[in-house]
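> PDB, C-alpha atoms, saved as work28.pdb, coming up:
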```pdb
ATOM      1  CA  MET A  29      -9.316 -10.480  -8.968
ATOM      2  CA  LYS A  30     -12.520 -11.114  -7.014
ATOM      3  CA  MET A  31     -11.024 -14.356  -5.724
ATOM      4  CA  MET A  32      -7.930 -12.418  -4.656
ATOM      5  CA  ASN A  33     -10.074  -9.962  -2.664
ATOM      6  CA  ALA A  34     -11.806 -12.868  -0.909
ATOM      7  CA  LYS A  35      -8.423 -14.307   0.090
ATOM      8  CA  ILE A  36      -7.237 -10.943   1.386
ATOM      9  CA  LEU A  37     -10.428 -10.661   3.406
ATOM     10  CA  SER A  38      -9.876 -14.070   4.959
ATOM     11  CA  ALA A  39      -6.266 -13.231   5.818
ATOM     12  CA  LEU A  40      -6.994  -9.841   7.325
ATOM     13  CA  VAL A  41      -9.725 -11.258   9.545
ATOM     14  CA  LEU A  42      -7.129 -13.001  11.687
ATOM     15  CA  SER A  43      -5.137  -9.871  12.364
ATOM     16  CA  THR A  44      -8.177  -8.463  14.172
ATOM     17  CA  LEU A  45      -8.320 -11.045  16.901
ATOM     18  CA  ILE A  46      -5.764  -9.757  19.413
ATOM     19  CA  SER A  47      -7.313  -6.333  19.762
ATOM     20  CA  THR A  48      -9.589  -6.292  22.732
ATOM     21  CA  SER A  49      -7.579  -7.790  25.599
ATOM     22  CA  MET A  50      -4.021  -9.134  25.901
ATOM     23  CA  ALA A  51      -3.014  -6.136  28.039
ATOM     24  CA  LEU A  52      -1.532  -4.644  24.911
ATOM     25  CA  ALA A  53      -3.895  -1.703  24.971
ATOM     26  CA  THR A  54      -1.523   1.233  25.118
ATOM     27  CA  SER A  55      -2.148   4.892  25.823
ATOM     28  CA  GLU A  56      -1.370   7.264  23.016
ATOM     29  CA  SER A  57       1.646   9.410  23.807
ATOM     30  CA  PRO A  58       0.859  12.926  25.047
ATOM     31  CA  MET A  59       2.043  15.986  23.180
ATOM     32  CA  LYS A  60       1.361  18.151  26.246
ATOM     33  CA  GLU A  61       1.477  17.449  29.955
ATOM     34  CA  ALA A  62      -1.905  16.085  30.982
ATOM     35  CA  PRO A  63      -3.551  13.310  32.981
ATOM     36  CA  LYS A  64      -2.869   9.935  31.409
ATOM     37  CA  MET A  65      -5.359   8.907  28.772
ATOM     38  CA  ALA A  66      -7.496   5.813  29.261
ATOM     39  CA  GLU A  67      -5.885   2.730  27.788
ATOM     40  CA  MET A  68      -6.963   1.919  24.261
ATOM     41  CA  SER A  69      -6.575  -0.959  21.890
ATOM     42  CA  MET A  70      -4.282  -0.198  18.986
ATOM     43  CA  SER A  71      -4.077  -3.538  17.230
ATOM     44  CA  LEU A  72      -5.821  -3.877  13.938
ATOM     45  CA  ALA A  73      -8.965  -5.275  15.378
ATOM     46  CA  GLU A  74      -9.744  -1.781  16.568
ATOM     47  CA  ILE A  75      -7.887   0.109  13.885
ATOM     48  CA  GLN A  76      -9.102   3.653  13.293
ATOM     49  CA  ALA A  77     -11.765   3.483  15.956
ATOM     50  CA  ASN A  78     -13.460   0.570  14.282
ATOM     51  CA  SER A  79     -13.001   1.642  10.736
ATOM     52  CA  SER A  80     -10.414  -0.075   8.567
ATOM     53  CA  SER A  81     -10.906  -2.840   6.075
ATOM     54  CA  ALA A  82      -8.733  -5.106   8.196
ATOM     55  CA  MET A  83     -11.250  -5.054  10.993
ATOM     56  CA  GLN A  84     -14.525  -4.264   9.291
ATOM     57  CA  ILE A  85     -14.571  -7.612   7.552
ATOM     58  CA  GLN A  86     -16.836  -6.967   4.561
ATOM     59  CA  ASN A  87     -16.596  -3.202   4.513
ATOM     60  CA  ASP A  88     -14.304  -2.743   1.539
ATOM     61  CA  GLY A  89     -15.964  -5.226  -0.747
ATOM     62  CA  ILE A  90     -19.713  -5.750  -1.178
ATOM     63  CA  SER A  91     -20.647  -9.224  -2.329
ATOM     64  CA  GLU A  92     -22.348  -9.656  -5.671
ATOM     65  CA  HIS A  93     -24.855 -11.991  -4.003
ATOM     66  CA  LYS A  94     -27.575 -10.652  -1.737
ATOM     67  CA  GLY A  95     -28.161 -12.307   1.587
ATOM     68  CA  LEU A  96     -26.531 -13.342   4.816
ATOM     69  CA  GLY A  97     -22.866 -14.163   5.288
ATOM     70  CA  ILE A  98     -20.548 -14.715   8.232
ATOM     71  CA  THR A  99     -16.846 -14.521   8.955
ATOM     72  CA  THR A 100     -15.397 -16.517  11.844
ATOM     73  CA  GLY A 101     -11.856 -16.673  13.131
ATOM     74  CA  LEU A 102     -10.001 -18.462  15.911
ATOM     75  CA  GLU A 103      -6.561 -17.264  16.962
ATOM     76  CA  TYR A 104      -3.977 -17.896  19.663
ATOM     77  CA  ALA A 105      -1.843 -14.891  20.641
ATOM     78  CA  GLN A 106       1.177 -14.805  22.960
ATOM     79  CA  LYS A 107       3.331 -11.955  24.188
ATOM     80  CA  ASN A 108       7.056 -12.075  23.525
ATOM     81  CA  ALA A 109       7.917 -10.542  26.886
ATOM     82  CA  VAL A 110       8.310 -12.789  29.935
ATOM     83  CA  ASP A 111       6.494 -11.570  33.054
ATOM     84  CA  GLN A 112       7.621 -11.721  36.689
ATOM     85  CA  ARG A 113       6.356 -15.287  36.958
ATOM     86  CA  GLY A 114       8.689 -16.333  34.163
ATOM     87  CA  THR A 115       5.803 -16.995  31.791
ATOM     88  CA  ARG A 116       4.367 -15.279  28.725
ATOM     89  CA  ASP A 117       0.787 -14.035  28.793
ATOM     90  CA  SER A 118      -1.420 -15.557  26.133
ATOM     91  CA  GLU A 119      -5.044 -15.661  25.085
ATOM     92  CA  THR A 120      -7.403 -17.328  22.638
ATOM     93  CA  ASN A 121      -9.768 -15.183  20.577
ATOM     94  CA  LEU A 122     -12.934 -16.055  18.693
ATOM     95  CA  LEU A 123     -14.186 -13.597  16.091
ATOM     96  CA  LEU A 124     -17.836 -13.552  14.991
ATOM     97  CA  ALA A 125     -18.798 -11.205  12.162
ATOM     98  CA  PRO A 126     -22.184 -11.670  10.475
ATOM     99  CA  SER A 127     -23.042  -9.569   7.437
ATOM    100  CA  TYR A 128     -25.961  -8.917   5.128
ATOM    101  CA  THR A 129     -25.662  -7.687   1.552
ATOM    102  CA  ILE A 130     -28.647  -5.472   0.788
ATOM    103  CA  ASN A 131     -27.807  -4.765  -2.839
ATOM    104  CA  SER A 132     -24.808  -4.030  -5.049
ATOM    105  CA  ARG A 133     -24.291  -0.704  -3.281
ATOM    106  CA  LEU A 134     -25.063  -1.382   0.378
ATOM    107  CA  ALA A 135     -24.100  -3.978   2.971
ATOM    108  CA  VAL A 136     -24.336  -4.078   6.752
ATOM    109  CA  SER A 137     -22.086  -6.059   9.094
ATOM    110  CA  ALA A 138     -21.390  -6.511  12.796
ATOM    111  CA  LYS A 139     -18.267  -7.674  14.625
ATOM    112  CA  GLY A 140     -17.532  -8.933  18.115
ATOM    113  CA  ILE A 141     -14.645 -10.841  19.716
ATOM    114  CA  ILE A 142     -14.778 -13.308  22.606
ATOM    115  CA  THR A 143     -11.450 -13.545  24.459
ATOM    116  CA  LYS A 144     -10.310 -16.259  26.859
ATOM    117  CA  GLN A 145      -7.190 -15.503  28.884
ATOM    118  CA  ASN A 146      -4.890 -18.504  29.134
ATOM    119  CA  SER A 147      -2.932 -17.120  32.086
ATOM    120  CA  GLY A 148      -3.579 -14.983  35.139
ATOM    121  CA  PRO A 149      -7.250 -14.855  36.170
ATOM    122  CA  LYS A 150      -8.221 -16.727  32.972
ATOM    123  CA  ASP A 151     -11.241 -14.499  32.467
ATOM    124  CA  THR A 152     -13.524 -14.664  29.451
ATOM    125  CA  THR A 153     -14.480 -11.272  28.045
ATOM    126  CA  TYR A 154     -16.405  -9.808  25.126
ATOM    127  CA  SER A 155     -15.298  -6.819  23.073
ATOM    128  CA  ASN A 156     -17.271  -3.795  22.028
ATOM    129  CA  THR A 157     -19.554  -4.490  19.063
ATOM    130  CA  THR A 158     -18.998  -2.668  15.787
ATOM    131  CA  VAL A 159     -21.887  -2.242  13.345
ATOM    132  CA  THR A 160     -20.902  -1.002   9.888
ATOM    133  CA  LEU A 161     -22.750   0.173   6.805
ATOM    134  CA  SER A 162     -20.604  -0.289   3.709
ATOM    135  CA  ILE A 163     -21.271   1.864   0.676
ATOM    136  CA  GLY A 164     -20.149   0.710  -2.750
ATOM    137  CA  GLY A 165     -17.245   2.769  -4.050
ATOM    138  CA  ILE A 166     -16.547   4.232  -7.462
ATOM    139  CA  GLN A 167     -14.520   2.136  -9.910
ATOM    140  CA  LEU A 168     -12.097   4.754 -11.224
ATOM    141  CA  ASN A 169     -10.394   2.348 -13.647
ATOM    142  CA  ASP A 170      -9.302  -1.282 -13.803
ATOM    143  CA  GLN A 171      -6.968  -0.865 -10.819
ATOM    144  CA  PHE A 172      -8.363   1.903  -8.590
ATOM    145  CA  LYS A 173     -11.589   1.967  -6.596
ATOM    146  CA  THR A 174     -12.815   4.227  -3.795
ATOM    147  CA  LEU A 175     -13.819   2.824  -0.375
ATOM    148  CA  HIS A 176     -16.545   4.204   1.889
ATOM    149  CA  SER A 177     -18.273   3.191   5.118
ATOM    150  CA  VAL A 178     -19.847   4.502   8.302
ATOM    151  CA  ALA A 179     -19.749   2.627  11.604
ATOM    152  CA  GLY A 180     -21.147   2.695  15.104
ATOM    153  CA  VAL A 181     -19.649   1.220  18.274
ATOM    154  CA  LEU A 182     -21.844  -0.355  20.938
ATOM    155  CA  PRO A 183     -20.237  -0.517  24.426
ATOM    156  CA  THR A 184     -20.720  -4.245  25.038
ATOM    157  CA  SER A 185     -17.312  -4.611  26.725
ATOM    158  CA  GLN A 186     -17.456  -4.671  30.527
ATOM    159  CA  ASP A 187     -14.406  -2.396  30.757
ATOM    160  CA  SER A 188     -16.002   0.143  28.431
ATOM    161  CA  GLN A 189     -19.186   0.111  30.487
ATOM    162  CA  LYS A 190     -17.769   0.116  34.007
ATOM    163  CA  ILE A 191     -14.386   1.833  33.666
ATOM    164  CA  ASP A 192     -14.495   4.128  30.639
ATOM    165  CA  ARG A 193     -18.268   4.739  30.907
ATOM    166  CA  LEU A 194     -18.453   4.713  27.120
ATOM    167  CA  LYS A 195     -21.911   5.355  25.701
ATOM    168  CA  GLY A 196     -21.022   4.685  22.078
ATOM    169  CA  GLY A 197     -19.028   5.898  19.111
ATOM    170  CA  VAL A 198     -19.395   6.751  15.435
ATOM    171  CA  SER A 199     -16.930   6.923  12.554
ATOM    172  CA  ILE A 200     -16.786   7.622   8.852
ATOM    173  CA  LYS A 201     -14.165   6.193   6.523
ATOM    174  CA  ASN A 202     -13.012   6.999   3.026
ATOM    175  CA  GLY A 203     -10.193   5.351   1.143
ATOM    176  CA  ILE A 204      -8.883   3.986  -2.104
ATOM    177  CA  SER A 205      -7.742   0.539  -3.209
ATOM    178  CA  PHE A 206      -5.250  -0.510  -5.867
ATOM    179  CA  ASP A 207      -5.596  -4.004  -7.327
ATOM    180  CA  TYR A 208      -3.148  -5.255  -9.934
ATOM    181  CA  ASP A 209      -1.879  -8.734 -10.716
ATOM    182  CA  LYS A 210      -0.509 -10.198  -7.441
ATOM    183  CA  ILE A 211      -0.635  -7.005  -5.390
ATOM    184  CA  ASN A 212      -3.509  -5.412  -3.497
ATOM    185  CA  LEU A 213      -2.985  -2.103  -1.704
ATOM    186  CA  LYS A 214      -5.412  -0.035   0.379
ATOM    187  CA  TYR A 215      -5.147   3.393   1.974
ATOM    188  CA  SER A 216      -7.871   4.651   4.313
ATOM    189  CA  ILE A 217      -8.524   7.676   6.467
ATOM    190  CA  VAL A 218     -11.187   7.747   9.168
ATOM    191  CA  LEU A 219     -12.628  10.319  11.534
ATOM    192  CA  SER A 220     -14.323   9.052  14.689
ATOM    193  CA  GLN A 221     -15.984  10.414  17.798
ATOM    194  CA  ASN A 222     -16.572   8.708  21.140
ATOM    195  CA  PHE A 223     -19.315   9.536  23.619
ATOM    196  CA  HIS A 224     -18.568   9.045  27.314
ATOM    197  CA  GLU A 225     -20.596   9.740  30.418
ATOM    198  CA  PHE A 226     -17.597  11.500  31.985
ATOM    199  CA  ASN A 227     -14.429  13.175  30.700
ATOM    200  CA  PHE A 228     -12.328  10.836  32.861
ATOM    201  CA  ASN A 229     -12.707   7.129  33.424
ATOM    202  CA  ALA A 230     -12.998   5.317  36.749
ATOM    203  CA  ASP A 231      -9.197   5.113  37.046
ATOM    204  CA  GLY A 232      -8.840   8.881  36.670
ATOM    205  CA  ASP A 233      -7.477   8.720  33.116
ATOM    206  CA  ALA A 234      -8.671  11.162  30.466
ATOM    207  CA  ASN A 235     -11.013   9.671  27.876
ATOM    208  CA  VAL A 236     -10.411  10.372  24.178
ATOM    209  CA  GLN A 237     -13.229  12.177  22.379
ATOM    210  CA  TYR A 238     -11.996  12.488  18.778
ATOM    211  CA  ARG A 239      -9.640  10.399  16.642
ATOM    212  CA  LEU A 240      -8.209  10.756  13.157
ATOM    213  CA  GLY A 241      -6.533   7.644  11.788
ATOM    214  CA  GLN A 242      -4.720   6.639   8.637
ATOM    215  CA  SER A 243      -4.047   3.046   7.627
ATOM    216  CA  VAL A 244      -2.190   1.229   4.858
ATOM    217  CA  GLU A 245      -2.781  -2.438   4.007
ATOM    218  CA  VAL A 246      -0.934  -4.553   1.468
ATOM    219  CA  ALA A 247      -1.278  -8.125   0.235
ATOM    220  CA  PHE A 248       1.189  -9.894  -2.038
ATOM    221  CA  PHE A 249       0.348 -13.264  -3.584
ATOM    222  CA  ILE A 250       3.335 -15.574  -3.993
ATOM    223  CA  THR A 251       1.083 -18.355  -5.299
ATOM    224  CA  ASP A 252      -2.676 -18.781  -5.548
ATOM    225  CA  ARG A 253      -2.708 -20.212  -2.018
ATOM    226  CA  PHE A 254       0.282 -18.639  -0.272
ATOM    227  CA  TYR A 255       0.456 -14.890   0.343
ATOM    228  CA  ILE A 256       1.790 -12.197   2.652
ATOM    229  CA  THR A 257      -0.297  -9.474   4.273
ATOM    230  CA  ALA A 258       0.766  -6.425   6.273
ATOM    231  CA  ALA A 259      -1.078  -3.463   7.722
ATOM    232  CA  GLY A 260      -0.195  -0.336   9.668
ATOM    233  CA  ILE A 261      -2.156   2.396  11.431
ATOM    234  CA  TYR A 262      -1.176   5.823  12.714
ATOM    235  CA  ARG A 263      -3.776   7.521  14.860
ATOM    236  CA  ASN A 264      -4.141  10.952  16.438
ATOM    237  CA  GLY A 265      -6.524  11.396  19.357
ATOM    238  CA  VAL A 266      -7.822  14.391  21.298
ATOM    239  CA  THR A 267      -9.113  14.130  24.873
ATOM    240  CA  TYR A 268     -12.124  16.019  26.193
ATOM    241  CA  GLY A 269      -9.654  18.466  27.690
ATOM    242  CA  GLY A 270      -8.093  19.164  24.294
ATOM    243  CA  PHE A 271      -4.831  17.261  24.792
ATOM    244  CA  ASP A 272      -3.285  15.403  21.848
ATOM    245  CA  ARG A 273      -2.522  11.693  21.772
ATOM    246  CA  THR A 274      -0.789   9.602  19.100
ATOM    247  CA  ALA A 275      -0.511   5.838  18.659
ATOM    248  CA  PHE A 276       0.441   3.197  16.099
ATOM    249  CA  GLY A 277      -0.195  -0.459  15.279
ATOM    250  CA  ILE A 278       1.553  -2.810  12.826
ATOM    251  CA  ASP A 279       0.607  -6.349  11.766
ATOM    252  CA  ALA A 280       2.347  -8.778   9.388
ATOM    253  CA  ASP A 281       1.210 -12.299   8.448
ATOM    254  CA  LEU A 282       2.070 -15.312   6.350
ATOM    255  CA  ASN A 283      -1.165 -16.849   5.040
ATOM    256  CA  TYR A 284      -2.115 -20.110   3.381
ATOM    257  CA  ASP A 285      -5.481 -21.084   1.890
ATOM    258  CA  LEU A 286      -5.988 -24.665   2.970
ATOM    259  CA  TRP A 287      -9.380 -24.886   1.276
ATOM    260  CA  LYS A 288     -11.725 -22.449  -0.417
ATOM    261  CA  ASN A 289     -12.614 -19.669   2.060
ATOM    262  CA  PHE A 290     -10.590 -21.377   4.820
ATOM    263  CA  SER A 291      -7.192 -19.895   5.673
ATOM    264  CA  LEU A 292      -4.361 -20.371   8.149
ATOM    265  CA  ASN A 293      -2.080 -17.592   9.336
ATOM    266  CA  LEU A 294       1.102 -17.023  11.318
ATOM    267  CA  GLY A 295       2.012 -13.467  12.186
ATOM    268  CA  THR A 296       3.262 -10.828  14.570
ATOM    269  CA  SER A 297       1.819  -7.562  15.853
ATOM    270  CA  ASN A 298       3.206  -4.537  17.633
ATOM    271  CA  GLU A 299       1.449  -1.452  18.937
ATOM    272  CA  GLY A 300       1.856   1.390  21.371
ATOM    273  CA  SER A 301       2.426   5.095  21.770
ATOM    274  CA  ALA A 302       3.856   6.741  18.680
ATOM    275  CA  TYR A 303       6.445   8.568  20.806
ATOM    276  CA  LYS A 304       8.697   7.462  23.625
ATOM    277  CA  SER A 305       8.302   8.835  27.133
ATOM    278  CA  ASN A 306      10.322  11.955  26.279
ATOM    279  CA  GLY A 307       7.634  12.947  23.770
ATOM    280  CA  VAL A 308      10.211  13.480  21.006
ATOM    281  CA  ASP A 309      11.781  10.193  19.880
ATOM    282  CA  SER A 310       9.695   7.873  17.719
ATOM    283  CA  ASN A 311       8.474   4.645  19.311
ATOM    284  CA  ILE A 312       7.176   3.133  16.058
ATOM    285  CA  SER A 313       8.606  -0.268  15.141
ATOM    286  CA  ALA A 314       7.330  -3.357  13.370
ATOM    287  CA  TYR A 315       8.819  -5.619  16.049
ATOM    288  CA  ASN A 316       9.771  -5.115  19.692
ATOM    289  CA  ASP A 317      11.006  -7.749  22.149
ATOM    290  CA  ASN A 318       8.930  -6.267  24.966
ATOM    291  CA  THR A 319       5.655  -5.357  23.276
ATOM    292  CA  SER A 320       5.230  -7.571  20.207
ATOM    293  CA  VAL A 321       2.813 -10.483  20.047
ATOM    294  CA  VAL A 322       3.077 -13.690  18.021
ATOM    295  CA  ARG A 323      -0.186 -15.013  16.556
ATOM    296  CA  ALA A 324      -1.390 -18.221  14.907
ATOM    297  CA  GLY A 325      -4.911 -18.819  13.740
ATOM    298  CA  MET A 326      -7.493 -19.834  11.189
ATOM    299  CA  SER A 327     -10.488 -18.150   9.560
ATOM    300  CA  TYR A 328     -13.494 -19.080   7.483
ATOM    301  CA  VAL A 329     -15.534 -16.755   5.291
ATOM    302  CA  TYR A 330     -19.012 -17.785   4.187
TER     303      TYR A 330
END
```
Please, can you express the file's structure as structure tokens?

Amino acid sequence: MKMMNAKILSALVLSTLISTSMALATSESPMKEAPKMAEMSMSLAEIQANSSSAMQIQNDGISEHKGLGITTGLEYAQKNAVDQRGTRDSETNLLLAPSYTINSRLAVSAKGIITKQNSGPKDTTYSNTTVTLSIGGIQLNDQFKTLHSVAGVLPTSQDSQKIDRLKGGVSIKNGISFDYDKINLKYSIVLSQNFHEFNFNADGDANVQYRLGQSVEVAFFITDRFYITAAGIYRNGVTYGGFDRTAFGIDADLNYDLWKNFSLNLGTSNEGSAYKSNGVDSNISAYNDNTSVVRAGMSYVY
């Protein structure tokens, strides 16, 4: 079972890589008329304001061995939609996530993503940095265990600094995991708060102050090496002016362990406002010709 958790960790790492650029950051749909909210990343790399096991790397499982570890991932992501130039935007992402296991109950980790655009201006950018303290959960029985962590966000992204004027963020997560035979299932809920210099960003869009997110992650092992992972997030946000926002993100991947701790993945992601422009009809879908992204990558966990 511990080996299974390590494989799930390696697989979920790759679903984090498309989060911080790709022009997929989508504003959460308003429930009232209000100035448009600042764009936000909704893919699983930024799930629940930096708080789900899919993006926190080691947060849901503390290693039995004290000391330093690192998770790295390299992924290519391409939009399905064709732009006005007749091409599809794409990017390459490098994930770096060092961690340190203090003891059997506590571990600290950090995560950052370097993104290179393969089209357009071909800029290289760096994401915000997430620092997480994982707290060992309670083993309720052979299958169920609680999950707990607190996290802080450092505004190392240029957009966060210059456009959103983000000063930082904090979040707290609680959840539960179910582990049985070839299936691993996690449910998490997280409350987060952002701190901005101004209520509106440099583009005149309202910044989001509070978020409440819920996520579900599942892994199914077909063989010891081949397995399927999927994850979904539904998030509610509130701006400084008190206006509601909702958003979703869905990832699905086929994964293969080529060697121990080294995995390959092929998957798709979709994200956006939870409601269509009329504010009534649901916009949630696992796949969309205009907004989905196809991903291929590799990861290594040490």
> Just to confirm, what's the straight-line distance from atom CA of A:Ile130 to atom CA of A:Ile142 in Å (one decimal)?
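Going from atom CA of A:Ile130 over to atom CA of A:Ile142 covers 27.0 Å.
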> From the set A:Asn222, A:Ser327, A:Asn264, A:Ser127, which residue has the shortest atom-to-atom contact distance to A:Leu286, counting only C-alpha atoms?
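Using only C-alpha atoms, the shortest distance to A:Leu286 belongs to A:Ser327.
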> Counting only C-alpha atoms, I want the residues whose atoms come within 9 Å of (-20.9, 4.6, 7.9) in the file frame, returned as a PDB file with C-alpha atoms, in the coordinates of the input.

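Result written to out-v9.pdb:
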```pdb
ATOM      1  CA  SER A  79     -13.001   1.642  10.736  1.00  0.00           C
ATOM      2  CA  VAL A 159     -21.887  -2.242  13.345  1.00  0.00           C
ATOM      3  CA  THR A 160     -20.902  -1.002   9.888  1.00  0.00           C
ATOM      4  CA  LEU A 161     -22.750   0.173   6.805  1.00  0.00           C
ATOM      5  CA  SER A 162     -20.604  -0.289   3.709  1.00  0.00           C
ATOM      6  CA  ILE A 163     -21.271   1.864   0.676  1.00  0.00           C
ATOM      7  CA  HIS A 176     -16.545   4.204   1.889  1.00  0.00           C
ATOM      8  CA  SER A 177     -18.273   3.191   5.118  1.00  0.00           C
ATOM      9  CA  VAL A 178     -19.847   4.502   8.302  1.00  0.00           C
ATOM     10  CA  ALA A 179     -19.749   2.627  11.604  1.00  0.00           C
ATOM     11  CA  GLY A 180     -21.147   2.695  15.104  1.00  0.00           C
ATOM     12  CA  VAL A 198     -19.395   6.751  15.435  1.00  0.00           C
ATOM     13  CA  SER A 199     -16.930   6.923  12.554  1.00  0.00           C
ATOM     14  CA  ILE A 200     -16.786   7.622   8.852  1.00  0.00           C
ATOM     15  CA  LYS A 201     -14.165   6.193   6.523  1.00  0.00           C
TER      16      LYS A 201
END
```
> Starting from the shown file, work through the PyMOL selection byres ((chain A and resi 97) around 7) and note down what comes out as a PyMOL selection string.
chain A and resi 95-96+98+126-128+330
> Suppose a student applies the PyMOL selection byres ((chain A and resi 226) around 10) to this structure; what residues should they get, written as a ChimeraX atom specification?
/A:192-195,223-225,227-230,234-235,268
> Name the residues captured by the PyMOL selection byres ((chain A and resi 280) around 7) when it is applied to the shown file; answer as a ChimeraX atom specification.
/A:257-259,278-279,281,295-297
> Have a look at A:Gln145, A:Phe249, A:Thr158, A:Ala105 and name the one nearest to A:Leu124; count all atoms listed in the file.
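Smallest separation from A:Leu124 among the options: A:Thr158.
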> Pick out the residues sitting within 8 Å of stretch 303-306 of chain A, and hand them over as a list in words; count all atoms listed in the file, and ignore anything fewer than 4 positions along from it in its own chain.
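Here the answer would be Ser57, Thr274, Ala275, Ser310, Asn311 and Ile312 of chain A.
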> Rounded to one decimal place, report the atom CA of A:Arg116-atom CA of A:Asn316 distance in Å.
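Interatomic distance here is 14.6 Å.
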> Quick one, how far is atom CA of A:Ser185 from atom CA of A:Asp151?
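Going from atom CA of A:Ser185 over to atom CA of A:Asp151, I get 12.9 Å.
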> Closest to A:Phe271 among A:Val236, A:Ala109, A:Leu213, A:Leu123, using all atoms listed in the file?
A:Val236
> Which residue gives the smallest distance to A:Ser320 among A:Ala135, A:Ile204, A:Thr174, A:Gly300, with only C-alpha atoms counted?
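For A:Ser320, the nearest of the given residues is A:Gly300.
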